[in-house]
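> One structure follows; several queries about it will come next.
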Amino acid sequence: MISEKYISWGNAGSTIRELAAYGAERAKIVGRENVYDFTIGSPSIAPPKALLDTVSRLCAEADPTQLHAYAPAAGIESVREKIARELNESFGADYDAGDIYMTHGASSALAILCAALLSEGDEALVIAPYFPEYKTYIEQTGAVMTEVLCDLESFQMDMGAFAGKITEKTAAVIINSPNNPSGVVLSEGSISAIAAVLNKKAEEYGHPIYIIADEPYRELVYGGIEVPFIPGLYADTLYCYSFSKSVSLPGERIGYIAISKAMADYSNVKAAVYGAARALGYVCVSPLFQLAVAETLGELSDIFLYDENRTLLYDALQEMGYRCIKPDGAFYLFIKTPVSDSRAFCRKAMEKDLLLVPGDDFGCPGFARLAYCVPVERIKKSLPAFKWLAEEYGL
């Protein structure tokens, strides 16, 4: 029988991608330059030259029967060794090649970890606002997603609300920092407080509660902000990373999971990660891009350009009367909508071909997300549309 669960997910679709598809159709009518699409967090900056040169060199010099062959399921040993060494040198960690599992970006890493750590009837806690696909990854396992709303002034953790949501069924907590959609970095104080609650609850319930640290935006921070390394603050952390944002490779789908030896039940967790990846078919990441990113670890795209976009857009919208917290990192603004119905607000914006994503999709109604990883000219041209929208709502 056809799965009713998958039918419902397929019919539900993704608001973000549907809006982007709408924008592409509108561009055929009014011109691409007249559609102000702020929907998808897809980098507008080229990958680093060193990375592109490495890809070219590998294609020209490497044995094609190996470069385009199946990689080992968990990844090429030398690549995993280099990644483990970089993590150890950067954060004082203790990973080795066997603790690294190469993935098809952060999405497959998250799906793998949810499958590995969650069982029917378990609960997984997510902090709102959150990336919408978390719900799918969690519910696919038969577990239940529990939301806890952050402090909507600071977008830091509301510790009272957090502690109140942890139950004996809680198996995992997903933390995304810098956050999509708010751009906020959870402080070391917030992470330490979360760790203290989880340690206490794990002891009380007699089982570990794992943190899944989702960090594709780690390097995209501004003004000297530091992103706490969660595995260094909480032993039972599985670390997810993607090269999609930092080196502008979203289409190549390359990332990894790091499994800490310090965590409870390390051997079984590691086996479950490998087994979940096998069951889901998330194996054998492209050898070409594994080798390319491993040879250029530490190279970044010109991500400072996003800071220029951030400042331009934030300052202009604040002056118009919009309100939002200035993001510490990533490349999103999460503005408070002037009406409680953020979907209606986003539909109104579409009258000027201004495409924004309602906060409802991130578990946070009353807000809208703008992805400012776009050409700066799009931001400049969009400002009259934002001004019109502000005036429509009396800002």
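Naming works like this for the structure tokens: A, B, ... for the chains as they're shown, residue 1 at the start of each chain, ligands 1 onward in shown order.
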Just want the 9 Å neighbourhood of stretch 317-329 of chain A, counted on only C-alpha atoms, with same-chain residues fewer than 5 positions away dropped. Output as an mmCIF file with C-alpha atoms, in the first residue's frame.

```cif
data_model
loop_
_atom_site.group_PDB
_atom_site.id
_atom_site.type_symbol
_atom_site.label_atom_id
_atom_site.label_comp_id
_atom_site.auth_asym_id
_atom_site.auth_seq_id
_atom_site.Cartn_x
_atom_site.Cartn_y
_atom_site.Cartn_z
ATOM 1 C CA GLU A 153 13.336 39.655 22.510
ATOM 2 C CA SER A 154 16.872 38.227 22.630
ATOM 3 C CA PHE A 155 16.261 34.949 20.760
ATOM 4 C CA SER A 177 23.499 28.141 16.019
ATOM 5 C CA PRO A 178 23.979 30.499 14.207
ATOM 6 C CA ASN A 179 20.268 30.075 13.836
ATOM 7 C CA SER A 182 16.987 34.472 13.293
ATOM 8 C CA GLY A 183 20.742 34.654 12.686
ATOM 9 C CA VAL A 184 21.308 34.620 16.459
ATOM 10 C CA VAL A 185 24.241 32.750 18.014
ATOM 11 C CA TYR A 217 26.658 28.561 9.413
ATOM 12 C CA ARG A 218 29.513 28.312 11.939
ATOM 13 C CA GLU A 219 31.902 30.588 10.025
ATOM 14 C CA LEU A 220 29.248 33.087 8.954
ATOM 15 C CA VAL A 221 29.458 35.391 11.969
ATOM 16 C CA TYR A 222 29.989 39.132 12.278
ATOM 17 C CA GLY A 223 31.633 41.587 14.634
ATOM 18 C CA ILE A 225 31.130 36.907 17.627
ATOM 19 C CA ASP A 307 27.911 41.508 6.324
ATOM 20 C CA ARG A 310 23.170 42.555 6.506
ATOM 21 C CA THR A 311 24.035 46.129 7.457
ATOM 22 C CA LEU A 312 22.376 47.677 4.409
ATOM 23 C CA PHE A 334 13.793 37.631 11.022
ATOM 24 C CA ILE A 335 11.508 40.654 11.130
ATOM 25 C CA LYS A 336 8.486 41.081 13.360
ATOM 26 C CA THR A 337 5.455 41.507 11.135
ATOM 27 C CA PRO A 338 3.221 44.506 11.867
ATOM 28 C CA PHE A 367 7.597 37.052 11.986
ATOM 29 C CA LEU A 383 13.881 49.015 -0.713
ATOM 30 C CA PHE A 386 9.703 47.446 1.557
ATOM 31 C CA LYS A 387 8.875 51.141 2.046
ATOM 32 C CA ALA A 390 5.673 49.604 5.671
ATOM 33 C CA GLU A 391 3.356 52.447 4.670
ATOM 34 C CA GLY A 394 1.239 52.345 9.018
ATOM 35 C CA LEU A 395 4.799 51.820 10.266
#
```
> Got a sec: who's within 9 Å of A:Phe38, counting only C-alpha atoms, leaving out chain neighbours fewer than 5 positions off, as a ChimeraX atom specification?
/A:20,354-357,369-374
> Extract, using only C-alpha atoms, all DNA, RNA and protein residues at most 10 Å from A:Leu110, discarding same-chain residues fewer than 5 positions from it, and format them as a list in words.
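The neighbour list is Thr103, Gly105, Ala115, Ala116, Glu133, Tyr134, Tyr137, Ile138, Ile174, Ile212, Ala213, Asp214, Leu238, Tyr239, Cys240, Tyr241, Tyr256 and Ile257 of chain A.
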> Considering only helix (DSSP H, G or I) as DSSP defines it on the backbone, what residues of stretch 201-275 of chain A qualify? List them as an MDAnalysis selection string.
chainID A and resid 201:205 230:232 250:252 266:275
> Limited to C-alpha atoms, could you put the picked residues into a file as a PDB file, in the first residue's frame?

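Written out: out_25.pdb:
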```
ATOM      1  CA  LYS A 201      17.457  15.265  33.531  1.00  0.00           C
ATOM      2  CA  ALA A 202      19.538  12.434  32.067  1.00  0.00           C
ATOM      3  CA  GLU A 203      20.617  11.397  35.547  1.00  0.00           C
ATOM      4  CA  GLU A 204      17.024  11.632  36.789  1.00  0.00           C
ATOM      5  CA  TYR A 205      15.608   9.540  33.936  1.00  0.00           C
ATOM      6  CA  ILE A 230      28.875  22.458  21.780  1.00  0.00           C
ATOM      7  CA  PRO A 231      30.717  19.093  22.033  1.00  0.00           C
ATOM      8  CA  GLY A 232      33.236  20.873  24.269  1.00  0.00           C
ATOM      9  CA  PRO A 250      25.022  23.758  -1.688  1.00  0.00           C
ATOM     10  CA  GLY A 251      24.514  21.852  -4.921  1.00  0.00           C
ATOM     11  CA  GLU A 252      27.377  19.457  -4.280  1.00  0.00           C
ATOM     12  CA  TYR A 266      29.650   5.767  22.176  1.00  0.00           C
ATOM     13  CA  SER A 267      30.063   2.390  20.446  1.00  0.00           C
ATOM     14  CA  ASN A 268      26.342   1.840  19.973  1.00  0.00           C
ATOM     15  CA  VAL A 269      25.732   5.435  18.887  1.00  0.00           C
ATOM     16  CA  LYS A 270      28.482   5.121  16.293  1.00  0.00           C
ATOM     17  CA  ALA A 271      27.073   1.808  15.039  1.00  0.00           C
ATOM     18  CA  ALA A 272      23.587   3.341  14.867  1.00  0.00           C
ATOM     19  CA  VAL A 273      24.881   6.286  12.800  1.00  0.00           C
ATOM     20  CA  TYR A 274      26.569   3.952  10.337  1.00  0.00           C
ATOM     21  CA  GLY A 275      23.488   1.710  10.234  1.00  0.00           C
TER      22      GLY A 275
END
```
> Please identify all polymer residues within 9 Å of A:Thr167, counting only C-alpha atoms, omitting same-chain residues fewer than 2 positions from it, and present them as a ChimeraX atom specification.
/A:123,163-165,169-171,201,205
> Let me see the file: selected residues, C-alpha atoms, as a compact mmCIF listing (two decimals), in the first residue's frame.

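The resulting out39.txt:
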```txt
# COMPACT_ATOMS: atom_id res chain seq x y z
CA GLU A 123 10.42 12.91 21.82
CA ALA A 163 13.46 22.71 31.33
CA GLY A 164 9.69 22.39 31.44
CA LYS A 165 9.59 20.62 28.07
CA LYS A 169 10.68 10.39 26.66
CA THR A 170 13.08 13.11 25.49
CA ALA A 171 15.86 11.42 23.53
CA LYS A 201 17.46 15.26 33.53
CA TYR A 205 15.61 9.54 33.94
```
> Can you work out the spacing between atom CA of A:Lys245 and atom CA of A:Pro216 in Å, to one decimal?
6.4 Å
> Would you pick out the contacts of A:Thr146 at 7 Å or less, using only C-alpha atoms, so that residues sharing its chain but fewer than 5 positions from it are not included, and give the list as a PyMOL selection string?
chain A and resi 123-126
> Put those residues in a file: N, CA and C atoms, as a PDB file, in the first residue's frame.

```pdb
ATOM      1  N   GLU A 123      10.635  11.490  22.094  1.00  0.00           N
ATOM      2  CA  GLU A 123      10.419  12.907  21.822  1.00  0.00           C
ATOM      3  C   GLU A 123      11.755  13.553  21.468  1.00  0.00           C
ATOM      4  N   ALA A 124      11.730  14.454  20.493  1.00  0.00           N
ATOM      5  CA  ALA A 124      12.898  15.258  20.144  1.00  0.00           C
ATOM      6  C   ALA A 124      12.511  16.718  20.298  1.00  0.00           C
ATOM      7  N   LEU A 125      13.322  17.467  21.005  1.00  0.00           N
ATOM      8  CA  LEU A 125      13.034  18.869  21.302  1.00  0.00           C
ATOM      9  C   LEU A 125      13.711  19.766  20.283  1.00  0.00           C
ATOM     10  N   VAL A 126      12.952  20.717  19.747  1.00  0.00           N
ATOM     11  CA  VAL A 126      13.525  21.727  18.850  1.00  0.00           C
ATOM     12  C   VAL A 126      13.205  23.100  19.417  1.00  0.00           C
TER      13      VAL A 126
END
```
> Go through stretch 148-307 of chain A and collect every residue that DSSP, computed from the backbone, puts in strand (DSSP E); the answer should be as a list in words.
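Strand (DSSP E) members of stretch 148-307 of chain A, listed: Val148, Leu149, Thr170, Ala171, Ala172, Val173, Ile174, Ile175, Asn176, Tyr210, Ile211, Ile212, Ala213, Asp214, Thr237, Leu238, Tyr239, Cys240, Tyr241, Ser242, Gly255, Tyr256, Ile257, Ala258 and Ile259 of chain A.
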> Report as a PyMOL selection string all protein, DNA and RNA residues lying within 7 Å of A:Val285, evaluated on only C-alpha atoms, omitting residues in the same chain fewer than 2 positions from it.
chain A and resi 71+75+102-104+283+287
> Counting only C-alpha atoms, which residues of stretch 93-212 of chain A fall within 12 Å of stretch 4-16 of chain A, and what is the closest atom pair for each with its distance in Å at one decimal, ordered by chain and rising number, as CSV?

```
residue,atom,partner,partner_atom,distance
A:Phe131,CA,A:Ile16,CA,10.9
A:Pro132,CA,A:Ser14,CA,8.5
A:Glu133,CA,A:Ser14,CA,8.8
A:Lys135,CA,A:Trp9,CA,10.5
A:Thr136,CA,A:Trp9,CA,7.9
A:Tyr137,CA,A:Trp9,CA,11.2
A:Glu139,CA,A:Lys5,CA,9.4
A:Gln140,CA,A:Lys5,CA,8.5
A:Thr141,CA,A:Lys5,CA,11.4
A:Gly142,CA,A:Lys5,CA,10.6
A:Pro181,CA,A:Ile16,CA,12.0
```
> Could you state the separation of atom CA of A:Pro375 and atom CA of A:Asp315 in Å, given to one decimal place?
17.1 Å
> For A:Ala294, work out the shell of residues within 7 Å, counting only C-alpha atoms and skipping chain neighbours fewer than 2 positions away, then give it as a ChimeraX atom specification.
/A:79,82-83,290-292,296-297
> Store the residues picked out above in a file with C-alpha atoms, as a PDB file, in the first residue's frame.

```pdb
ATOM      1  CA  VAL A  79      39.508  12.942   4.105  1.00  0.00           C
ATOM      2  CA  LYS A  82      42.001  15.605   7.825  1.00  0.00           C
ATOM      3  CA  ILE A  83      38.603  16.691   9.111  1.00  0.00           C
ATOM      4  CA  GLN A 290      35.432  14.949  -0.565  1.00  0.00           C
ATOM      5  CA  LEU A 291      39.016  15.338  -1.774  1.00  0.00           C
ATOM      6  CA  ALA A 292      38.535  18.956  -2.817  1.00  0.00           C
ATOM      7  CA  THR A 296      41.208  23.275   1.135  1.00  0.00           C
ATOM      8  CA  LEU A 297      40.000  23.099   4.734  1.00  0.00           C
TER       9      LEU A 297
END
```
> Mind pulling up the distance from atom CA of A:Ala50 to atom CA of A:Asp302?
12.2 Å
> Of the candidates A:Ile40, A:Leu280, A:Ala258, A:Ile76, which one gets nearest to A:Arg17 if we count only C-alpha atoms?
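Using only C-alpha atoms, the shortest distance to A:Arg17 belongs to A:Ile40.
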